[in-house]
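Just below is one structure, and these are the notes that go with it.
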There are 2 protein chains.
Amino acid sequence: MVEMSPIHLKPPYLLFVGDEHRPSYAKTALGIVDWRPDSCAGQLRLSTEAVDLGLPDLSIDNARARGVQSLLIGTALVGGAIPDVWLDTLIAAARAGLDIIGGLHQRLEDVPALAAAARQSGARLIDVRTPPEALPVGTGKKRSGKRLLTVGTDCALGKKYTALQLEKEMRAEGAHVDFRASGQTGIMIAGQGLPLDAVISDFLSGAAEMLSPSADDNHWDVIEGQGAIFHPGYGAVSHGLLIGSQPDALVLCHHAGRTHVSGWPDTPLMPIKDVIQRNVDIAALTNPAVRCVGLSVNTAHLGKIEAEAYLADLSQVHGLPATDPIRFGCANILQALEVTFGPLA
Amino acid sequence: MVEMSPIHLKPPYLLFVGDEHRPSYAKTALGIVDWRPDSCAGQLRLSTEAVDLGLPDLSIDNARARGVQSLLIGTALVGGAIPDVWLDTLIAAARAGLDIIGGLHQRLEDVPALAAAARQSGARLIDVRTPPEALPVGTGKKRSGKRLLTVGTDCALGKKYTALQLEKEMRAEGAHVDFRASGQTGIMIAGQGLPLDAVISDFLSGAAEMLSPSADDNHWDVIEGQGAIFHPGYGAVSHGLLIGSQPDALVLCHHAGRTHVSGWPDTPLMPIKDVIQRNVDIAALTNPAVRCVGLSVNTAHLGKIEAEAYLADLSQVHGLPATDPIRFGCANILQALEVTFGPLA
C-alpha cells in the first residue's frame, strides 16, 4: 500500500534566482518572501544584476551551515530546458544534500547529472507541477473541521492571494487556520499542497479531499481555488475542487472591470450572481449548507476613491461584504465568517 | 509541433482471450464482436476451455495471412501484471508486426521483451487507458456538425451501449453518424477515441473538443458519456466532457430502481429531473440551445410488462421519450431527434 499524501517541502529555503533580472519572472520567489519570510534563509544569485529578494546572499556551504534544507528555484522559465548556467549550482546543491524544488517544464529528474547527485546524497528532486502518483478517488464523505474555498469569475485574478490574506488575518485573530495550496506557486509558498490542475481527472475530487483532511471542529482550512466554474478550458478543475473541498464558505474573487475570460476574447464573463449560484449549486452535493460569505476584488488599477465606490456598490448589489484584500484587508469578510460560523478564536 | 489526435486502432483484429473461461471477464472482446463484427477476423485462445467468441481460431501466421493488423487483448485482468503464459504469444504477435492493443493496468511498454519485439518490427503497443501526450486546452469555440452526448444519473448504467445503439439505428436510417468513444472499452469497439477519465484535468474539455471535431452540418457525433454530474468521485470528468462536447442533444441514462450511487452506499441518486437540469445548465456554457431529448433506462432485471409500464410512467412524468435501447430499440428517441433537429438523412 503506497502512502498517500500531498507534496511536502522542507524549509528553510535557499531561494535561487539564477541570473534573472526581471522581477516579473521572479514572482514566485518574491511571493515566498512576502508570505513566508520565516521560511527564507537566503538567496543565491548567479549575477549581481539578478533580482535582489532582500535576503542574505548565501553560498551553498553557508546555507548548509545555517540549516537550509532545500534550494528552491524561484524564477519562471520561458523556454523549455533548464539553462546550462544553472546546472553546476543545482548539482552542487543536490550533492550537498539540499532538496531541489522546481516548477519548471523540464522535470528535474530528467537531468541525468542532477538525478545522479540527488541519488548519491539522498536529496529529493521535487517538481511542484507533478502530483504524487498515488491519489484516491473522491468519496464525498463529510470531514470534520471548517473550510473556506476561494472561487473566481475567471482565472488569474487573485484566488491564491485572497486565500493567503484571509489565512493571515484569521491567524492574527487567533484562529486555527491553514492555507491549502492547489497550484504550484501556492505549494511553494505554503510548503505543501497538490497541483490539482495536473491531476488525472478521475482523481481530482479525491485529491481535493486529501488536500483538506479532517480537522478539529474549530479549525479552518482556507483553500486556494483553481480555474473558474464557467471557464471553457478549466471549469472541470473547479468542479472537482468544489466537490472535494466540501466548503462551508465560498469567497468569490473578481477583477474589477474584467469583461471577458482572460485569453478567451470571445467568451464574456458570467454575471457575479450567476457565478455564485453555480458554485453553490455544485458544492452543495457534498455540503448542502455551503454559502458565499464575501467578494474579493482586484482593484489595483483603480484609484482609491474609485475602488471604494466600486466595492460599496458591489456589496450593496449582492448583499455581501466586498473588499480588495491586498489593499484594504479582509476585516469585513472575517466579520461575516464570525456572524455565520461563530467566533474564529 | 506535436500533432494532436485521438487514439487510432488498426482493424481487422485478432481477439486474444488468453485462457479466460469466464464470459464476464471477456466482456470487452464480446462487446467488440457484438458491435463491430466486421473488424473481427478471428480469435486466439490459449486453451480450449477459454471463452469462445464465435470467431475462427487463428494462429498469428494465419491472422497475418488474412490481413489482420492488430492483436487486441479482450479480457480484463484482476491482478496487476500480464500473465507469463500470455507473453510468448504477445511477443510473437509483435514480432510479426501486429499492433498489440491492451487496456491493462500494467503498461505494454513496461514489458521489456514486448517493447523490444515491437521496436524491431515497427508494431505499435497501444494502451487504450493512456491518453496521447499532446492535448489542447478547451477553447469553447463552436464547431460545425451536430452532437448527442449520453449522460447518467450514475456511472455504469449504459451510457456507452446507449450511444452505440443510437449510432446503429441512426446509421440504419441513413444518417451520417459516428460513435465517439470516451473510455477504454468504447475505444476498443470504435477503433478510436480518448480515455477521458485518464486525461490531466487541465486538458479535459480540450480533449473532449478533439474527440468530436468539426463536421458537416448534417453529421451527428454520438458521444459516450463518462461519470455522472452528481457523482462525488467522477463529477468533474462529466463536467469537462459536457463543456468540451458542446452537445445539441442529451440522452439521460438510468438504471431502473437504482437508488444510490453504485459503490457509494451513503450517496442517494439525485432525482432525474435535477440531473437533466444540471447537465443542461453546465452544457449551456458552450451550447445554449442544448436540450435533453430522451431517457435511456436499463431494465434488464424487470419483466417485459413491468419494464414497459416503468418506461411509460417515466416518459409521462418527464415529457420525454423513454426506452431501454438494448431491449426495445431507440425509435422513439430518433423520432424526437428528427422533430427537433430535422430529418436524420
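Chain labels follow the order of the C-alpha cells: the first chain is A, the next B, and so on; residue numbering restarts at 1 in every chain, and ligands are counted from 1 in their shown order.
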Chain B contacts on chain A, only C-alpha atoms, 6 Å, as an MDAnalysis selection string: chainID A and resid 137:140 197:202 205 232:234 236:237 239:240
Could you write out the selected residues, including C-alpha atoms, as a PDB file, in the first residue's frame?
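In the end it all went to again_34.pdb:
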```pdb
ATOM      1  CA  VAL A 137     -11.000   8.642  -5.758  1.00  0.00           C
ATOM      2  CA  GLY A 138     -13.307  11.137  -4.063  1.00  0.00           C
ATOM      3  CA  THR A 139     -15.683   9.632  -1.510  1.00  0.00           C
ATOM      4  CA  GLY A 140     -17.894  12.638  -0.798  1.00  0.00           C
ATOM      5  CA  ASP A 197      -4.693  21.106 -12.468  1.00  0.00           C
ATOM      6  CA  ALA A 198      -2.098  18.394 -13.137  1.00  0.00           C
ATOM      7  CA  VAL A 199      -4.070  15.584 -11.513  1.00  0.00           C
ATOM      8  CA  ILE A 200      -5.682  12.847 -13.642  1.00  0.00           C
ATOM      9  CA  SER A 201      -9.376  13.682 -13.942  1.00  0.00           C
ATOM     10  CA  ASP A 202     -10.633  10.570 -12.165  1.00  0.00           C
ATOM     11  CA  SER A 205     -12.069  15.373  -6.208  1.00  0.00           C
ATOM     12  CA  PRO A 232     -14.363  26.838 -21.213  1.00  0.00           C
ATOM     13  CA  GLY A 233     -10.955  25.269 -20.552  1.00  0.00           C
ATOM     14  CA  TYR A 234     -10.618  24.855 -16.801  1.00  0.00           C
ATOM     15  CA  ALA A 236     -13.798  20.855 -14.691  1.00  0.00           C
ATOM     16  CA  VAL A 237     -10.867  21.544 -12.352  1.00  0.00           C
ATOM     17  CA  HIS A 239     -15.826  21.381 -10.305  1.00  0.00           C
ATOM     18  CA  GLY A 240     -13.611  18.664  -8.816  1.00  0.00           C
TER      19      GLY A 240
END
```
Within 9 Å of Gln165 of chain B, counting only C-alpha atoms, which residues show up once you throw out same-chain ones fewer than 5 positions away? Write them as a PyMOL selection string, please. chain B and resi 35+160+170+325-326+329-330
Would you mind exporting the chosen residues as a tab-separated table (two decimals), in the first residue's frame, restricted to C-alpha atoms?
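See out_18.tsv below for the written result:
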```tsv
chain	number	residue	atom	x	y	z
B	35	TRP	CA	-20.85	-4.00	-32.14
B	160	LYS	CA	-21.78	3.53	-23.78
B	170	MET	CA	-29.30	6.42	-36.81
B	325	PRO	CA	-32.40	0.76	-26.08
B	326	ILE	CA	-30.98	-2.75	-25.98
B	329	GLY	CA	-34.62	-0.01	-29.57
B	330	CYS	CA	-34.39	3.77	-29.84
```
Backbone-only DSSP, helix (DSSP H, G or I) members of segment 92-155 of chain A, as a list in words: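 Result set for segment 92-155 of chain A (helix (DSSP H, G or I)): Ala92, Ala93, Ala94, Arg95, Leu108, Glu109, Asp110, Pro112, Ala113, Leu114, Ala115, Ala116, Ala117, Ala118, Arg119, Gln120 and Ser121 of chain A.
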Write out, as a compact mmCIF listing (two decimals), in the first residue's frame, the residues just selected, with N, CA, C and O atoms.
```txt
# COMPACT_ATOMS: atom_id res chain seq x y z
N ALA A 92 25.57 21.02 -7.45
CA ALA A 92 26.34 21.18 -6.21
C ALA A 92 25.41 21.17 -5.00
O ALA A 92 25.71 20.58 -3.95
N ALA A 93 24.26 21.82 -5.14
CA ALA A 93 23.31 21.86 -4.02
C ALA A 93 22.76 20.47 -3.73
O ALA A 93 22.67 20.05 -2.56
N ALA A 94 22.42 19.73 -4.78
CA ALA A 94 21.91 18.36 -4.58
C ALA A 94 22.99 17.49 -3.95
O ALA A 94 22.71 16.68 -3.06
N ARG A 95 24.23 17.68 -4.42
CA ARG A 95 25.33 16.88 -3.88
C ARG A 95 25.51 17.18 -2.39
O ARG A 95 25.83 16.30 -1.60
N LEU A 108 13.14 17.96 -13.19
CA LEU A 108 14.48 17.90 -12.60
C LEU A 108 15.05 16.49 -12.76
O LEU A 108 16.25 16.32 -13.05
N GLU A 109 14.22 15.47 -12.56
CA GLU A 109 14.63 14.06 -12.71
C GLU A 109 15.23 13.78 -14.08
O GLU A 109 15.99 12.83 -14.25
N ASP A 110 14.82 14.56 -15.07
CA ASP A 110 15.25 14.28 -16.43
C ASP A 110 16.62 14.87 -16.75
O ASP A 110 17.09 14.75 -17.89
N PRO A 112 20.22 14.09 -16.11
CA PRO A 112 20.91 12.93 -15.54
C PRO A 112 21.90 13.28 -14.43
O PRO A 112 21.91 12.62 -13.38
N ALA A 113 22.72 14.32 -14.63
CA ALA A 113 23.73 14.64 -13.62
C ALA A 113 23.08 15.08 -12.32
O ALA A 113 23.57 14.79 -11.22
N LEU A 114 21.96 15.77 -12.43
CA LEU A 114 21.25 16.21 -11.24
C LEU A 114 20.62 15.02 -10.52
O LEU A 114 20.70 14.88 -9.29
N ALA A 115 20.02 14.13 -11.31
CA ALA A 115 19.41 12.93 -10.73
C ALA A 115 20.46 12.09 -10.01
O ALA A 115 20.22 11.59 -8.90
N ALA A 116 21.65 11.99 -10.62
CA ALA A 116 22.72 11.19 -10.01
C ALA A 116 23.18 11.82 -8.70
O ALA A 116 23.36 11.12 -7.69
N ALA A 117 23.36 13.13 -8.70
CA ALA A 117 23.81 13.82 -7.49
C ALA A 117 22.80 13.63 -6.36
O ALA A 117 23.17 13.40 -5.20
N ALA A 118 21.53 13.73 -6.70
CA ALA A 118 20.49 13.61 -5.68
C ALA A 118 20.45 12.18 -5.13
O ALA A 118 20.32 11.98 -3.93
N ARG A 119 20.59 11.22 -6.04
CA ARG A 119 20.55 9.83 -5.59
C ARG A 119 21.68 9.57 -4.59
O ARG A 119 21.49 8.93 -3.57
N GLN A 120 22.84 10.14 -4.91
CA GLN A 120 24.01 9.90 -4.08
C GLN A 120 23.85 10.49 -2.67
O GLN A 120 24.23 9.87 -1.69
N SER A 121 23.30 11.69 -2.59
CA SER A 121 23.23 12.36 -1.28
C SER A 121 21.93 12.05 -0.55
O SER A 121 21.81 12.34 0.64
```
Report as number ranges by chain all protein, DNA and RNA residues lying within 10 Å of Ile187 of chain B, evaluated on only C-alpha atoms, omitting residues in the same chain fewer than 6 positions from it. B: 6-9, 32, 103, 128-129, 179-181, 193-195, 224
Would you please extract all strand (DSSP E) residues from segment 20-179 of chain B, as assigned by DSSP on the backbone, and give them as a PyMOL selection string? chain B and resi 40-45+70-73+99-102+125-127+146-152+176-179
Save out the residues we just selected, N, CA and C atoms, as a PDB file, in the first residue's frame.
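Final output, result.pdb:
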```
ATOM      1  N   CYS B  40     -13.536  -7.898 -36.740  1.00  0.00           N
ATOM      2  CA  CYS B  40     -13.001  -9.055 -36.025  1.00  0.00           C
ATOM      3  C   CYS B  40     -12.715 -10.197 -37.001  1.00  0.00           C
ATOM      4  N   ALA B  41     -11.419 -10.464 -37.238  1.00  0.00           N
ATOM      5  CA  ALA B  41     -11.057 -11.507 -38.194  1.00  0.00           C
ATOM      6  C   ALA B  41     -10.995 -12.870 -37.530  1.00  0.00           C
ATOM      7  N   GLY B  42     -10.670 -12.908 -36.265  1.00  0.00           N
ATOM      8  CA  GLY B  42     -10.543 -14.211 -35.623  1.00  0.00           C
ATOM      9  C   GLY B  42     -10.237 -14.077 -34.152  1.00  0.00           C
ATOM     10  N   GLN B  43     -10.129 -15.241 -33.497  1.00  0.00           N
ATOM     11  CA  GLN B  43      -9.810 -15.252 -32.071  1.00  0.00           C
ATOM     12  C   GLN B  43      -8.569 -16.090 -31.840  1.00  0.00           C
ATOM     13  N   LEU B  44      -7.839 -15.757 -30.767  1.00  0.00           N
ATOM     14  CA  LEU B  44      -6.683 -16.553 -30.379  1.00  0.00           C
ATOM     15  C   LEU B  44      -6.878 -16.923 -28.912  1.00  0.00           C
ATOM     16  N   ARG B  45      -7.033 -18.242 -28.658  1.00  0.00           N
ATOM     17  CA  ARG B  45      -7.286 -18.738 -27.308  1.00  0.00           C
ATOM     18  C   ARG B  45      -6.146 -19.653 -26.895  1.00  0.00           C
ATOM     19  N   SER B  70      -3.886  -6.046 -36.032  1.00  0.00           N
ATOM     20  CA  SER B  70      -3.657  -5.853 -34.592  1.00  0.00           C
ATOM     21  C   SER B  70      -4.122  -7.059 -33.796  1.00  0.00           C
ATOM     22  N   LEU B  71      -3.377  -7.369 -32.742  1.00  0.00           N
ATOM     23  CA  LEU B  71      -3.859  -8.305 -31.739  1.00  0.00           C
ATOM     24  C   LEU B  71      -4.446  -7.484 -30.602  1.00  0.00           C
ATOM     25  N   LEU B  72      -5.702  -7.742 -30.288  1.00  0.00           N
ATOM     26  CA  LEU B  72      -6.390  -6.950 -29.268  1.00  0.00           C
ATOM     27  C   LEU B  72      -6.671  -7.826 -28.049  1.00  0.00           C
ATOM     28  N   ILE B  73      -6.147  -7.420 -26.904  1.00  0.00           N
ATOM     29  CA  ILE B  73      -6.358  -8.181 -25.669  1.00  0.00           C
ATOM     30  C   ILE B  73      -7.750  -7.847 -25.160  1.00  0.00           C
ATOM     31  N   ASP B  99       0.144  -4.711 -34.351  1.00  0.00           N
ATOM     32  CA  ASP B  99      -0.021  -3.832 -33.198  1.00  0.00           C
ATOM     33  C   ASP B  99      -0.617  -4.648 -32.052  1.00  0.00           C
ATOM     34  N   ILE B 100      -0.161  -4.354 -30.837  1.00  0.00           N
ATOM     35  CA  ILE B 100      -0.751  -5.002 -29.669  1.00  0.00           C
ATOM     36  C   ILE B 100      -1.588  -3.947 -28.948  1.00  0.00           C
ATOM     37  N   ILE B 101      -2.852  -4.261 -28.721  1.00  0.00           N
ATOM     38  CA  ILE B 101      -3.772  -3.313 -28.116  1.00  0.00           C
ATOM     39  C   ILE B 101      -4.244  -3.861 -26.782  1.00  0.00           C
ATOM     40  N   GLY B 102      -4.039  -3.096 -25.730  1.00  0.00           N
ATOM     41  CA  GLY B 102      -4.475  -3.550 -24.409  1.00  0.00           C
ATOM     42  C   GLY B 102      -5.052  -2.405 -23.602  1.00  0.00           C
ATOM     43  N   LEU B 125       2.586  -0.559 -29.607  1.00  0.00           N
ATOM     44  CA  LEU B 125       1.985  -1.077 -28.372  1.00  0.00           C
ATOM     45  C   LEU B 125       1.031   0.009 -27.890  1.00  0.00           C
ATOM     46  N   ILE B 126      -0.245  -0.287 -27.925  1.00  0.00           N
ATOM     47  CA  ILE B 126      -1.240   0.742 -27.650  1.00  0.00           C
ATOM     48  C   ILE B 126      -2.001   0.414 -26.378  1.00  0.00           C
ATOM     49  N   ASP B 127      -1.841   1.268 -25.374  1.00  0.00           N
ATOM     50  CA  ASP B 127      -2.627   1.129 -24.151  1.00  0.00           C
ATOM     51  C   ASP B 127      -3.805   2.085 -24.252  1.00  0.00           C
ATOM     52  N   LYS B 146     -23.534  18.265 -35.673  1.00  0.00           N
ATOM     53  CA  LYS B 146     -24.431  18.078 -34.526  1.00  0.00           C
ATOM     54  C   LYS B 146     -23.885  17.012 -33.590  1.00  0.00           C
ATOM     55  N   ARG B 147     -24.200  17.173 -32.307  1.00  0.00           N
ATOM     56  CA  ARG B 147     -23.652  16.264 -31.294  1.00  0.00           C
ATOM     57  C   ARG B 147     -24.704  15.831 -30.281  1.00  0.00           C
ATOM     58  N   LEU B 148     -24.684  14.549 -30.002  1.00  0.00           N
ATOM     59  CA  LEU B 148     -25.523  13.993 -28.940  1.00  0.00           C
ATOM     60  C   LEU B 148     -24.584  13.370 -27.908  1.00  0.00           C
ATOM     61  N   LEU B 149     -24.813  13.672 -26.640  1.00  0.00           N
ATOM     62  CA  LEU B 149     -23.989  13.112 -25.565  1.00  0.00           C
ATOM     63  C   LEU B 149     -24.890  12.326 -24.624  1.00  0.00           C
ATOM     64  N   THR B 150     -24.451  11.113 -24.248  1.00  0.00           N
ATOM     65  CA  THR B 150     -25.193  10.361 -23.232  1.00  0.00           C
ATOM     66  C   THR B 150     -24.667  10.744 -21.853  1.00  0.00           C
ATOM     67  N   VAL B 151     -25.573  11.052 -20.943  1.00  0.00           N
ATOM     68  CA  VAL B 151     -25.205  11.392 -19.566  1.00  0.00           C
ATOM     69  C   VAL B 151     -25.950  10.434 -18.645  1.00  0.00           C
ATOM     70  N   GLY B 152     -25.630  10.446 -17.358  1.00  0.00           N
ATOM     71  CA  GLY B 152     -26.240   9.433 -16.493  1.00  0.00           C
ATOM     72  C   GLY B 152     -26.597   9.934 -15.114  1.00  0.00           C
ATOM     73  N   HIS B 176     -25.586  10.393 -41.341  1.00  0.00           N
ATOM     74  CA  HIS B 176     -24.131  10.427 -41.229  1.00  0.00           C
ATOM     75  C   HIS B 176     -23.820  10.528 -39.751  1.00  0.00           C
ATOM     76  N   VAL B 177     -23.241   9.512 -39.179  1.00  0.00           N
ATOM     77  CA  VAL B 177     -23.133   9.456 -37.725  1.00  0.00           C
ATOM     78  C   VAL B 177     -21.872   8.713 -37.322  1.00  0.00           C
ATOM     79  N   ASP B 178     -21.236   9.166 -36.250  1.00  0.00           N
ATOM     80  CA  ASP B 178     -20.093   8.465 -35.677  1.00  0.00           C
ATOM     81  C   ASP B 178     -20.253   8.353 -34.175  1.00  0.00           C
ATOM     82  N   PHE B 179     -20.013   7.147 -33.674  1.00  0.00           N
ATOM     83  CA  PHE B 179     -19.891   6.932 -32.233  1.00  0.00           C
ATOM     84  C   PHE B 179     -18.529   7.460 -31.807  1.00  0.00           C
TER      85      PHE B 179
END
```
Closest of B:Ala228, B:Ala256, B:Ile305, B:Met188 to Arg36 of chain B - atom-to-atom distances counting only C-alpha atoms: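 Closest to Arg36 of chain B, using only C-alpha atoms: B:Met188.
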